[in-house]
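A.B. asks: Data: protein-v3.cif, mmCIF, C-alpha atoms and all ligand atoms.
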```
data_target
loop_
_atom_site.label_atom_id
_atom_site.label_comp_id
_atom_site.auth_asym_id
_atom_site.auth_seq_id
_atom_site.Cartn_x
_atom_site.Cartn_y
_atom_site.Cartn_z
CA MET U 550 71.79 126.97 145.07
CA SER U 551 74.26 127.92 147.71
CA ALA U 552 75.47 126.48 150.95
CA THR U 553 75.62 127.88 154.42
CA ILE U 554 77.99 126.19 156.78
CA ASP U 555 76.90 126.22 160.36
CA LEU U 556 80.00 126.76 162.44
CA SER U 557 78.20 126.56 165.72
CA ASP U 558 79.31 122.98 166.33
CA ALA U 559 82.12 123.32 168.82
CA THR U 560 83.63 120.01 167.74
CA ALA U 561 84.01 121.12 164.13
CA ARG U 562 86.64 123.68 164.89
CA PRO U 563 88.16 125.15 168.01
CA ARG U 564 86.04 128.20 168.56
CA PRO U 565 87.38 131.44 169.90
CA ALA U 566 85.73 132.96 172.92
CA ALA U 567 82.01 133.53 172.63
CA ALA U 568 80.73 137.02 172.07
CA SER U 569 79.16 137.19 175.50
CA GLU U 570 82.52 136.84 177.24
CA PRO U 571 84.00 140.01 178.68
CA ALA U 572 86.22 142.09 176.43
CA ALA U 573 89.72 140.68 176.10
CA ALA U 574 92.19 142.66 178.13
CA LYS U 575 95.15 141.19 176.30
CA ARG U 576 96.77 143.13 173.51
CA SER U 577 96.64 141.61 170.05
CA LEU U 578 99.96 141.08 168.31
CA LEU U 579 98.29 140.92 164.90
CA GLY U 580 98.71 143.93 162.67
CA LEU U 581 101.50 145.51 164.74
CA SER U 582 104.56 146.84 162.95
CA ARG U 583 107.85 145.12 163.81
CA GLU U 584 108.88 148.11 165.92
CA ASP U 585 105.61 148.15 167.86
CA MET U 586 105.71 144.41 168.38
CA GLY U 587 109.31 144.64 169.61
CA ALA U 588 108.37 147.43 172.03
CA ALA U 589 105.38 145.43 173.29
CA LEU U 590 107.59 142.40 173.91
CA ILE U 591 110.18 144.45 175.80
CA GLU U 592 107.42 146.03 177.86
CA ALA U 593 106.23 142.54 178.68
CA GLY U 594 109.65 141.63 180.08
CA ILE U 595 111.41 140.03 177.11
CA PRO U 596 115.11 141.03 177.14
CA ALA U 597 115.70 143.90 174.72
CA LYS U 598 118.54 142.09 172.95
CA GLN U 599 116.21 139.18 172.13
CA ALA U 600 113.33 141.32 170.92
CA LYS U 601 114.31 141.57 167.26
CA MET U 602 114.78 137.83 166.93
CA ARG U 603 111.51 137.10 168.73
CA VAL U 604 109.64 139.48 166.44
CA GLN U 605 111.09 137.64 163.46
CA GLN U 606 109.97 134.30 164.88
CA LEU U 607 106.50 135.58 165.66
CA TRP U 608 106.04 137.12 162.19
CA HIS U 609 107.00 133.85 160.60
CA TRP U 610 104.53 131.84 162.69
CA LEU U 611 101.71 134.34 162.38
CA TYR U 612 101.91 135.30 158.73
CA VAL U 613 103.89 132.65 156.88
CA ARG U 614 102.76 129.54 158.75
CA GLY U 615 99.39 130.96 159.75
CA VAL U 616 99.21 129.65 163.32
CA SER U 617 96.59 131.03 165.66
CA ASP U 618 97.88 129.60 168.91
CA PHE U 619 101.15 130.31 170.73
CA GLY U 620 101.30 126.59 171.55
CA GLN U 621 102.01 125.79 167.88
CA MET U 622 105.18 127.88 167.77
CA ALA U 623 107.60 124.98 167.90
CA ASN U 624 110.88 126.90 168.02
CA VAL U 625 109.76 129.09 170.90
CA SER U 626 110.42 127.66 174.36
CA LYS U 627 107.48 126.39 176.36
CA ASP U 628 108.00 128.99 179.09
CA LEU U 629 108.10 131.84 176.64
CA ARG U 630 105.00 130.56 174.85
CA ALA U 631 103.19 130.52 178.17
CA ALA U 632 104.42 134.03 179.00
CA LEU U 633 103.29 135.33 175.61
CA ASP U 634 99.93 133.67 175.99
CA GLU U 635 99.45 135.32 179.34
CA GLN U 636 100.00 138.82 178.04
CA PHE U 637 99.05 138.81 174.39
CA GLU U 638 96.55 137.34 172.03
CA ILE U 639 96.72 136.33 168.38
CA ARG U 640 93.07 135.48 168.18
CA ARG U 641 91.29 135.80 164.86
CA PRO U 642 87.68 136.78 164.30
CA GLU U 643 84.93 134.42 165.31
CA ILE U 644 83.20 133.01 162.23
CA VAL U 645 79.49 133.43 162.75
CA GLU U 646 78.57 132.18 159.30
CA GLU U 647 80.23 131.05 156.12
CA GLN U 648 78.21 131.00 152.92
CA ILE U 649 79.38 129.51 149.66
CA SER U 650 77.83 130.46 146.34
CA VAL U 651 77.44 128.11 143.39
CA ASP U 652 80.09 130.19 141.64
CA GLY U 653 82.57 129.58 144.48
CA THR U 654 82.28 133.04 146.01
CA ARG U 655 82.43 132.85 149.80
CA LYS U 656 81.04 135.29 152.27
CA TRP U 657 81.92 135.25 155.94
CA LEU U 658 80.15 137.02 158.72
CA PHE U 659 82.87 137.72 161.26
CA ARG U 660 82.42 138.83 164.84
CA PHE U 661 84.95 140.83 166.82
CA PRO U 662 84.88 141.36 170.56
CA SER U 663 83.74 144.61 172.09
CA ARG U 664 86.23 147.39 172.57
CA GLY U 665 85.83 149.27 175.82
CA ALA U 666 82.17 149.77 176.60
CA GLY U 667 81.00 148.85 173.09
CA ARG U 668 79.31 145.64 172.02
CA PRO U 669 80.79 142.87 169.89
CA VAL U 670 80.60 143.85 166.23
CA GLU U 671 80.03 141.95 163.02
CA ILE U 672 81.30 142.60 159.52
CA GLU U 673 81.39 140.75 156.23
CA THR U 674 84.35 139.66 154.11
CA VAL U 675 84.02 138.16 150.63
CA TYR U 676 86.29 135.85 148.63
CA ILE U 677 85.98 135.79 144.84
CA PRO U 678 87.88 133.00 143.05
CA GLU U 679 88.63 133.47 139.35
CA GLU U 680 90.96 131.87 136.84
CA GLY U 681 94.45 132.91 137.89
CA ARG U 682 93.49 134.95 140.94
CA GLY U 683 91.59 134.91 144.20
CA THR U 684 90.41 138.29 145.45
CA LEU U 685 89.55 139.03 149.05
CA CYS U 686 87.23 141.96 149.65
CA VAL U 687 88.06 143.30 153.11
CA SER U 688 86.09 145.65 155.39
CA SER U 689 87.64 148.66 157.12
CA GLN U 690 84.78 149.87 159.33
CA VAL U 691 81.64 148.54 160.96
CA GLY U 692 79.04 150.51 159.02
CA CYS U 693 79.97 153.81 157.34
CA THR U 694 79.56 157.50 158.12
CA LEU U 695 78.89 158.25 154.48
CA THR U 696 75.46 157.79 152.99
CA CYS U 697 75.84 156.89 149.33
CA THR U 698 72.25 156.34 148.26
CA PHE U 699 72.84 153.13 146.26
CA CYS U 700 74.89 151.36 148.95
CA HIS U 701 73.46 149.16 151.66
CA THR U 702 76.36 149.83 154.00
CA GLY U 703 75.48 153.52 153.65
CA THR U 704 72.14 152.90 155.37
CA GLN U 705 73.96 151.68 158.48
CA ARG U 706 75.45 154.14 160.91
CA LEU U 707 79.12 153.85 161.76
CA VAL U 708 79.61 151.66 164.81
CA ARG U 709 83.38 151.82 164.96
CA ASN U 710 86.62 151.61 163.04
CA LEU U 711 88.26 148.22 162.74
CA GLU U 712 91.64 147.79 164.41
CA PRO U 713 94.70 146.71 162.39
CA SER U 714 94.43 143.28 164.07
CA GLU U 715 90.84 142.99 162.85
CA ILE U 716 91.69 143.96 159.28
CA VAL U 717 94.65 141.56 159.16
CA GLY U 718 92.47 138.97 160.96
CA GLN U 719 90.04 138.93 158.01
CA VAL U 720 92.87 137.99 155.65
CA LEU U 721 94.27 135.34 158.01
CA THR U 722 90.91 133.70 158.65
CA ALA U 723 89.98 133.65 154.98
CA ARG U 724 93.31 131.99 154.18
CA GLU U 725 92.82 129.51 156.99
CA ARG U 726 89.33 128.55 155.76
CA LEU U 727 90.64 128.17 152.21
CA GLY U 728 93.65 126.13 153.28
CA ASP U 729 96.01 128.82 151.95
CA PHE U 730 98.84 128.14 154.44
CA PRO U 731 101.76 125.72 154.01
CA ASP U 732 100.49 122.91 156.24
CA ALA U 733 96.80 123.37 155.45
CA SER U 734 94.64 121.67 152.87
CA THR U 735 91.88 123.23 150.80
CA PRO U 736 88.39 121.91 151.57
CA GLN U 737 87.28 119.28 149.06
CA GLY U 738 85.25 120.68 146.21
CA ALA U 739 86.19 124.31 146.96
CA ILE U 740 86.36 126.51 143.87
CA VAL U 741 89.76 128.20 143.96
CA PRO U 742 92.32 129.37 141.36
CA SER U 743 94.06 126.35 139.84
CA ASP U 744 97.53 127.62 140.64
CA GLY U 745 99.30 130.26 142.68
CA ARG U 746 98.13 131.69 145.94
CA LEU U 747 94.49 131.23 146.78
CA VAL U 748 94.26 134.78 148.13
CA SER U 749 96.34 136.61 145.53
CA ASN U 750 94.67 140.03 145.71
CA VAL U 751 93.21 142.18 148.47
CA VAL U 752 90.71 144.95 147.79
CA MET U 753 89.55 147.37 150.48
CA MET U 754 86.05 147.33 149.07
CA GLY U 755 84.06 145.77 151.87
CA MET U 756 82.19 147.76 154.48
CA GLY U 757 83.35 151.24 155.33
CA GLU U 758 85.43 154.09 153.98
CA PRO U 759 89.09 153.06 154.36
CA LEU U 760 90.39 156.64 154.24
CA TYR U 761 88.28 157.48 157.32
CA ASN U 762 90.22 154.80 159.19
CA TYR U 763 93.53 155.77 157.66
CA ASP U 764 96.06 154.81 160.36
CA ASN U 765 94.61 151.38 161.02
CA VAL U 766 94.24 150.56 157.32
CA LYS U 767 97.80 151.71 156.71
CA SER U 768 99.19 149.53 159.51
CA ALA U 769 97.19 146.51 158.35
CA LEU U 770 98.18 146.89 154.70
CA SER U 771 101.83 147.21 155.60
CA VAL U 772 101.63 143.75 157.19
CA VAL U 773 99.67 142.44 154.19
CA SER U 774 102.32 143.74 151.78
CA ASP U 775 105.42 142.98 153.89
CA GLY U 776 107.71 140.45 152.22
CA ASP U 777 108.10 138.55 155.49
CA GLY U 778 104.48 139.17 156.44
CA LEU U 779 101.56 138.19 154.25
CA ALA U 780 103.74 139.10 151.27
CA LEU U 781 101.25 140.39 148.71
CA SER U 782 102.70 142.84 146.22
CA LYS U 783 101.33 146.38 146.52
CA ARG U 784 100.24 146.04 142.90
CA ARG U 785 97.82 143.41 144.14
CA ILE U 786 96.32 145.55 146.88
CA THR U 787 93.65 148.09 145.95
CA LEU U 788 92.14 150.68 148.21
CA SER U 789 88.76 152.00 147.14
CA THR U 790 87.60 155.41 148.30
CA SER U 791 84.45 157.42 147.81
CA GLY U 792 86.75 160.42 147.36
CA VAL U 793 88.30 161.64 150.62
CA VAL U 794 90.46 164.07 148.63
CA PRO U 795 92.82 165.34 151.39
CA MET U 796 93.93 161.78 152.18
CA ILE U 797 94.62 160.72 148.58
CA PRO U 798 98.20 162.09 148.21
CA LYS U 799 99.19 160.54 151.56
CA THR U 800 97.74 157.21 150.51
CA GLY U 801 99.99 157.13 147.48
CA GLU U 802 103.08 158.34 149.34
CA GLU U 803 102.73 156.27 152.51
CA MET U 804 100.85 153.15 151.47
CA GLY U 805 101.78 152.96 147.79
CA VAL U 806 98.86 150.68 146.99
CA MET U 807 96.63 150.78 143.92
CA LEU U 808 93.79 153.28 144.07
CA ALA U 809 90.15 152.90 143.07
CA ILE U 810 87.73 155.80 143.07
CA SER U 811 83.99 155.36 143.45
CA LEU U 812 83.04 157.95 140.85
CA HIS U 813 79.52 156.87 139.76
CA ALA U 814 78.50 160.25 138.30
CA VAL U 815 80.01 162.81 135.96
CA THR U 816 78.29 165.95 137.20
CA ASP U 817 78.49 167.45 140.68
CA GLU U 818 74.72 167.78 140.68
CA LEU U 819 74.20 164.02 140.43
CA ARG U 820 77.28 163.00 142.41
CA ASP U 821 76.13 165.21 145.31
CA VAL U 822 73.13 162.87 145.53
CA LEU U 823 74.73 159.49 144.82
CA VAL U 824 78.00 160.02 146.72
CA PRO U 825 77.27 162.87 149.15
CA ILE U 826 80.92 163.37 150.14
CA ASN U 827 81.04 165.10 146.74
CA LYS U 828 79.48 168.17 148.36
CA LYS U 829 82.67 168.50 150.39
CA TYR U 830 85.14 167.41 147.70
CA PRO U 831 83.64 168.00 144.26
CA ILE U 832 84.62 166.22 141.06
CA LYS U 833 87.24 168.75 139.96
CA GLU U 834 89.19 168.48 143.23
CA LEU U 835 88.91 164.70 143.08
CA MET U 836 90.23 164.57 139.52
CA ASP U 837 93.12 166.91 140.42
CA ALA U 838 94.08 164.60 143.31
CA CYS U 839 93.94 161.61 140.96
CA ARG U 840 96.10 163.30 138.35
CA ALA U 841 98.71 163.93 141.03
CA TYR U 842 98.52 160.45 142.60
CA PRO U 843 102.09 159.35 143.38
CA GLY U 844 103.42 156.54 141.24
CA LEU U 845 100.74 156.83 138.59
CA SER U 846 101.72 155.40 135.19
CA ASN U 847 100.21 153.34 132.39
CA ALA U 848 101.29 150.27 134.30
CA ARG U 849 99.80 151.62 137.53
CA ARG U 850 96.41 153.03 136.63
CA ILE U 851 93.65 154.30 138.85
CA THR U 852 90.44 152.31 138.63
CA PHE U 853 87.28 154.36 138.39
CA GLU U 854 84.23 152.50 139.62
CA TYR U 855 80.95 153.37 138.01
CA VAL U 856 77.74 151.72 139.19
CA MET U 857 75.14 151.41 136.44
CA LEU U 858 71.82 152.86 137.60
CA LYS U 859 68.94 152.70 135.17
CA GLY U 860 67.88 156.11 133.88
CA VAL U 861 70.09 157.88 136.43
CA ASN U 862 73.72 157.85 135.22
CA ASP U 863 73.73 155.42 132.29
CA SER U 864 73.15 157.55 129.17
CA LEU U 865 75.65 157.66 126.33
CA ALA U 866 76.09 161.36 127.06
CA ASP U 867 77.24 160.30 130.56
CA ALA U 868 79.68 157.85 128.95
CA ARG U 869 81.13 160.59 126.74
CA GLU U 870 81.50 162.94 129.68
CA LEU U 871 83.20 160.19 131.65
CA VAL U 872 85.77 159.78 128.90
CA ARG U 873 86.30 163.54 128.83
CA LEU U 874 86.73 163.76 132.60
CA LEU U 875 89.39 161.05 132.70
CA LYS U 876 91.47 162.54 129.90
CA GLY U 877 95.12 162.54 130.86
CA ILE U 878 94.73 160.18 133.81
CA PRO U 879 96.09 156.64 133.39
CA ALA U 880 92.80 154.98 134.20
CA LYS U 881 90.69 151.87 134.02
CA ILE U 882 86.94 152.02 134.23
CA ASN U 883 85.08 149.37 136.14
CA LEU U 884 81.40 149.27 135.25
CA ILE U 885 79.46 147.69 138.11
CA PRO U 886 75.92 146.50 137.47
CA PHE U 887 73.91 147.88 140.39
CA ASN U 888 73.30 145.25 143.05
CA PRO U 889 69.90 145.77 144.57
CA TRP U 890 69.15 145.28 148.25
CA PRO U 891 65.80 145.22 150.05
CA GLY U 892 64.31 148.70 149.82
CA SER U 893 66.99 150.09 147.48
CA PRO U 894 65.77 153.12 145.54
CA TYR U 895 67.39 152.25 142.18
CA GLU U 896 67.26 149.65 139.45
CA CYS U 897 70.18 148.19 137.54
CA SER U 898 70.58 149.48 133.98
CA ASP U 899 69.42 147.19 131.16
CA TRP U 900 72.15 144.88 129.98
CA GLU U 901 72.09 146.30 126.43
CA GLN U 902 72.59 149.79 127.84
CA ILE U 903 75.53 148.64 129.97
CA GLU U 904 77.07 147.10 126.84
CA ARG U 905 76.54 150.26 124.78
CA PHE U 906 78.06 152.34 127.59
CA ALA U 907 81.02 149.93 127.83
CA GLU U 908 81.58 150.00 124.07
CA LEU U 909 81.80 153.76 124.07
CA VAL U 910 84.36 153.92 126.86
CA ASN U 911 86.27 151.01 125.34
CA GLN U 912 86.50 152.86 122.05
CA ALA U 913 88.09 155.73 123.94
CA GLY U 914 90.86 153.36 125.00
CA TYR U 915 89.73 152.43 128.51
CA ALA U 916 89.68 148.76 129.27
CA SER U 917 86.31 148.68 130.95
CA PRO U 918 85.28 145.19 131.85
CA ILE U 919 81.75 144.95 133.15
CA ARG U 920 82.17 143.48 136.59
CA THR U 921 80.10 140.32 136.40
CA PRO U 922 78.03 140.00 139.53
CA ARG U 923 79.43 137.26 141.72
CA GLY U 924 77.89 135.47 144.65
CA ARG U 925 74.42 136.74 143.84
CA ASP U 926 72.74 133.83 145.62
CA ILE U 927 74.46 134.76 148.87
CA PHE U 928 74.16 138.57 148.56
CA ALA U 929 77.92 138.90 148.45
CA ALA U 930 78.23 141.65 145.84
CA CYS U 931 79.50 145.21 146.26
CA GLY U 932 77.24 147.35 148.35
CA GLN U 933 75.27 144.49 149.82
CA LEU U 934 77.43 143.88 152.85
CA LYS U 935 76.04 144.44 156.28
CA SER U 936 76.08 143.13 159.81
CA GLU U 937 73.94 140.27 160.99
CA SER U 938 71.85 142.48 163.26
CA GLU U 939 71.19 144.78 160.33
CA ARG U 940 70.19 141.85 158.21
CA MET U 941 67.72 140.64 160.84
CA LYS U 942 66.35 144.14 161.18
CA ARG U 943 65.89 144.68 157.50
CA GLY U 944 64.04 141.44 156.97
CA ASP U 945 66.15 140.17 154.10
CA ARG U 946 67.07 137.17 156.21
CA LEU U 947 64.04 135.51 154.65
CA ALA U 948 65.17 136.31 151.14
CA LEU U 949 68.57 134.96 152.01
CA GLU U 950 67.17 131.75 153.40
CA ALA U 951 65.00 131.33 150.33
CA ALA U 952 68.09 131.68 148.17
CA VAL U 953 69.93 129.15 150.28
CA ALA U 954 67.07 126.70 149.99
CA VAL U 955 66.82 126.79 146.17
N1 LIG U 1001 83.74 153.00 150.88
C1 LIG U 1001 84.59 152.68 149.82
C2 LIG U 1001 84.85 151.19 149.66
C3 LIG U 1001 83.68 150.24 149.87
S1 LIG U 1001 82.42 150.22 148.66
C4 LIG U 1001 84.05 153.25 148.53
O1 LIG U 1001 82.94 153.74 148.53
O2 LIG U 1001 84.78 153.23 147.54
C5 LIG U 1001 83.09 149.27 147.30
C6 LIG U 1001 82.47 149.62 145.95
O3 LIG U 1001 81.13 149.11 145.84
C7 LIG U 1001 82.35 151.11 145.71
O4 LIG U 1001 82.72 151.45 144.41
C8 LIG U 1001 80.89 151.33 145.92
O5 LIG U 1001 80.48 152.52 145.34
C9 LIG U 1001 80.30 150.10 145.28
N2 LIG U 1001 78.90 149.84 145.64
C10 LIG U 1001 78.27 150.18 146.77
N3 LIG U 1001 76.98 149.78 146.73
C11 LIG U 1001 76.79 149.17 145.55
C12 LIG U 1001 75.68 148.51 144.94
N4 LIG U 1001 74.53 148.41 145.57
N5 LIG U 1001 75.83 147.98 143.71
C13 LIG U 1001 77.04 148.06 143.09
N6 LIG U 1001 78.13 148.64 143.62
C14 LIG U 1001 78.01 149.20 144.83
FE1 LIG U 1002 80.35 154.05 152.59
FE2 LIG U 1002 81.53 153.25 150.27
FE3 LIG U 1002 78.99 152.54 150.82
FE4 LIG U 1002 79.55 155.08 150.22
S1 LIG U 1002 79.80 153.29 148.85
S2 LIG U 1002 78.24 154.38 151.91
S3 LIG U 1002 81.57 155.32 151.17
S4 LIG U 1002 80.82 151.93 151.97
#
```
What does the file become when written as structure tokens?
C.D. replies:
Amino acid sequence: MSATIDLSDATARPRPAAASEPAAAKRSLLGLSREDMGAALIEAGIPAKQAKMRVQQLWHWLYVRGVSDFGQMANVSKDLRAALDEQFEIRRPEIVEEQISVDGTRKWLFRFPSRGAGRPVEIETVYIPEEGRGTLCVSSQVGCTLTCTFCHTGTQRLVRNLEPSEIVGQVLTARERLGDFPDASTPQGAIVPSDGRLVSNVVMMGMGEPLYNYDNVKSALSVVSDGDGLALSKRRITLSTSGVVPMIPKTGEEMGVMLAISLHAVTDELRDVLVPINKKYPIKELMDACRAYPGLSNARRITFEYVMLKGVNDSLADARELVRLLKGIPAKINLIPFNPWPGSPYECSDWEQIERFAELVNQAGYASPIRTPRGRDIFAACGQLKSESERMKRGDRLALEAAVAV
């Protein structure tokens, strides 16, 4: 059983502008660096010598206190609040739907306004509570240009990159819904970690290839990791890539976050099919980039993701080759049971086979937890994320409703 919360009741929560409204002309302050925010304020007429202090105030309200309305910024004068409101926005995504699994996993369908001539767009964000941590799986693009054959997002064309404000907005809205801000309270009955921050980890493992939206992801993650911003340690932020090799060194040098690689196959022949970007950047180049990843150590390992596809990549010979490939790289292996979606061309490996595979890589010294599927009843697992329009098109709306009704 799972629950879907209908957020269409305007009295339940102040709703941001409806999707049909014209595109907002105001510039978002979310996701801007301090320098860019300062410059934007000066451009808007705020005296240059005040700018630094104003940026500090705004960061505190936006990221520490989690306000979404200039009116709530108590130590900012009324006139200035009105002036800011006239020129800027701090609006977060519209929540189209919030689904809660029996296991506490939450999935949000978020809508962002159109940019230029485009239409409003929708993406999904997932929250996974566990003992001692709460992980938020964040999207970087609407759809994906890559076409990994086991991934539902890969069947959707790229609509557009998400802006820094939209990436940061996912984190802010999730924290707001969970009551993860100082003056907020957590909804009754919500499954969340028993202590510490409710969103303690961020993984760029939602929709899209983050390294094909490099600048925006970098700006957003620098706000997420900033001590006076959302203040998550870089050790608790993981960027997952299908293997955009030329961007990997830069990611380590400039972002300094943890890296995950969607490996999924140990031969170029198979990886060319499963993860087609492999034709451009084959396994050897990918492994060389991993070996050279800045800051790599036993305490800062690269995670290699490996989806278990029955009869395709799950033999013990594959497991041995995997161990051989990773030799010399401080690594963790994450075995992901394949999550099917309507029309998907693969099956998940048998559980016994996944365990045998895991045992072999464990024996070689790789901690390789099998990632237990979470949020199954709400289709919240890796590779199942999609936009609402896509869901309607693909006809799995019915399956979803059936799951909700159980
Ligand atoms: N584009 C990036 C990040 C998003 S995908 C990337 O590919 O790494 C996040 C993870 O989910 C990746 O490891 C991806 O390969 C995996 N994944 C995609 N579809 C899946 C599915 N149907 N079942 C299990 N894992 C899947
Ligand atoms: Fe895109 Fe990642 Fe899905 Fe491949 S696995 S299609 S890169 S989102």
A.B. asks: Would you list the residues near (79.3, 137.2, 157.8) (no more than 7 Å away, in the coordinates of the file, using only C-alpha atoms) as an mmCIF file with C-alpha atoms, in the coordinates of the input?
C.D. replies:
```
data_model
loop_
_atom_site.group_PDB
_atom_site.id
_atom_site.type_symbol
_atom_site.label_atom_id
_atom_site.label_comp_id
_atom_site.auth_asym_id
_atom_site.auth_seq_id
_atom_site.Cartn_x
_atom_site.Cartn_y
_atom_site.Cartn_z
ATOM 1 C CA VAL U 645 79.490 133.430 162.750
ATOM 2 C CA GLU U 646 78.570 132.180 159.300
ATOM 3 C CA GLU U 647 80.230 131.050 156.120
ATOM 4 C CA LYS U 656 81.040 135.290 152.270
ATOM 5 C CA TRP U 657 81.920 135.250 155.940
ATOM 6 C CA LEU U 658 80.150 137.020 158.720
ATOM 7 C CA PHE U 659 82.870 137.720 161.260
ATOM 8 C CA ILE U 672 81.300 142.600 159.520
ATOM 9 C CA GLU U 673 81.390 140.750 156.230
ATOM 10 C CA THR U 674 84.350 139.660 154.110
ATOM 11 C CA GLU U 937 73.940 140.270 160.990
#
```
A.B. asks: Enumerate residues in contact with ligand LIG 1001 (chain U): an atom-to-atom distance of at most 6 Å, counting all atoms listed in the file. Format the result as a VMD selection string.
C.D. replies: chain U and resid 699 to 700 754 to 758 789 to 791 810 to 811 854 856 885 to 889 931 to 933
A.B. asks: Hey, can I get the axis-aligned box for region 671-690 of chain U? All listed atoms, 8 Å padding on each side, centre and edge lengths in Å to one decimal, as JSON.
C.D. replies:
```
{"center_x": 87.2, "center_y": 140.9, "center_z": 149.9, "size_x": 30.4, "size_y": 34.0, "size_z": 42.2}
```
A.B. asks: Using only C-alpha atoms and all ligand atoms, which of the listed residues (U:Leu823, U:Leu858, U:Ile591, U:Val613) sits closest to ligand LIG 1002 (chain U)?
C.D. replies: U:Leu823
A.B. asks: Report the distance between CA of Phe730 (chain U) and CA of Pro642 (chain U) in Å, rounded to one decimal place.
C.D. replies: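 That distance, rounded to one decimal, is 17.2 Å.
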A.B. asks: Which one is closest to ligand LIG 1002 (chain U): U:Gly703, U:Pro795, U:Gly801, U:Gly620? Count only C-alpha atoms and all ligand atoms.
C.D. replies: U:Gly703
A.B. asks: Find the residues near Gln719 (chain U): any atom within 12 Å, counting only C-alpha atoms, skip ones fewer than 4 places away on the same chain, and give them as a PyMOL selection string.
C.D. replies: chain U and resi 579-580+640-644+656-661+671-676+685-689+711-715+723-726+748+751-753+755+769-770+773
A.B. asks: Between U:Ser743, U:Arg603, U:Ala589, U:Tyr855, which residue has the minimum interatomic distance to ligand LIG 1002 (chain U), considering only C-alpha atoms and all ligand atoms?
C.D. replies: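 Checking each of U:Ser743, U:Arg603, U:Ala589, U:Tyr855 against ligand LIG 1002 (chain U), counting only C-alpha atoms and all ligand atoms, the winner is U:Tyr855.
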A.B. asks: I'd like to know which of U:Ile639, U:Leu819, U:Ile677, U:Ala916 is closest to Ile740 (chain U), using all atoms listed in the file.
C.D. replies: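 The closest residue to Ile740 (chain U) is U:Ile677.
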A.B. asks: With a distance cut-off of 10 Å and only C-alpha atoms, select the neighbouring residues of Met586 (chain U), excluding the residue or stretch itself and same-chain residues fewer than 4 positions from it, and output the selection as an MDAnalysis selection string.
C.D. replies: chainID U and resid 577:582 590:592 600:601 603:605 607:608
A.B. asks: Using Å and a single decimal, report how far CA of Pro678 (chain U) sits from CA of Arg709 (chain U).
C.D. replies: 29.2 Å
A.B. asks: Hey, which of U:Ile595, U:Leu845, U:Ile826, U:Ala733 ends up closest to ligand LIG 1002 (chain U)? Count all atoms listed in the file.
C.D. replies: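 Result for the nearest residue to ligand LIG 1002 (chain U): U:Ile826.
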A.B. asks: One decimal, in Å: what's the spacing between CA of Ser893 (chain U) and CA of Gly653 (chain U)?
C.D. replies: 25.9 Å
A.B. asks: Out of U:Gly805, U:Leu875, U:Phe619, U:Val708, which residue has the shortest atom-to-atom distance to Ser774 (chain U) when counting all atoms listed in the file?
C.D. replies: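 Comparing U:Gly805, U:Leu875, U:Phe619, U:Val708 against Ser774 (chain U), the winner is U:Gly805.
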A.B. asks: Can you pull out the residues contacting Arg840 (chain U)? Cut-off 10 Å, using all atoms listed in the file, and skip same-chain residues under 5 positions away; I want them as a ChimeraX atom specification.
C.D. replies: /U:834-835,845,851,875-880
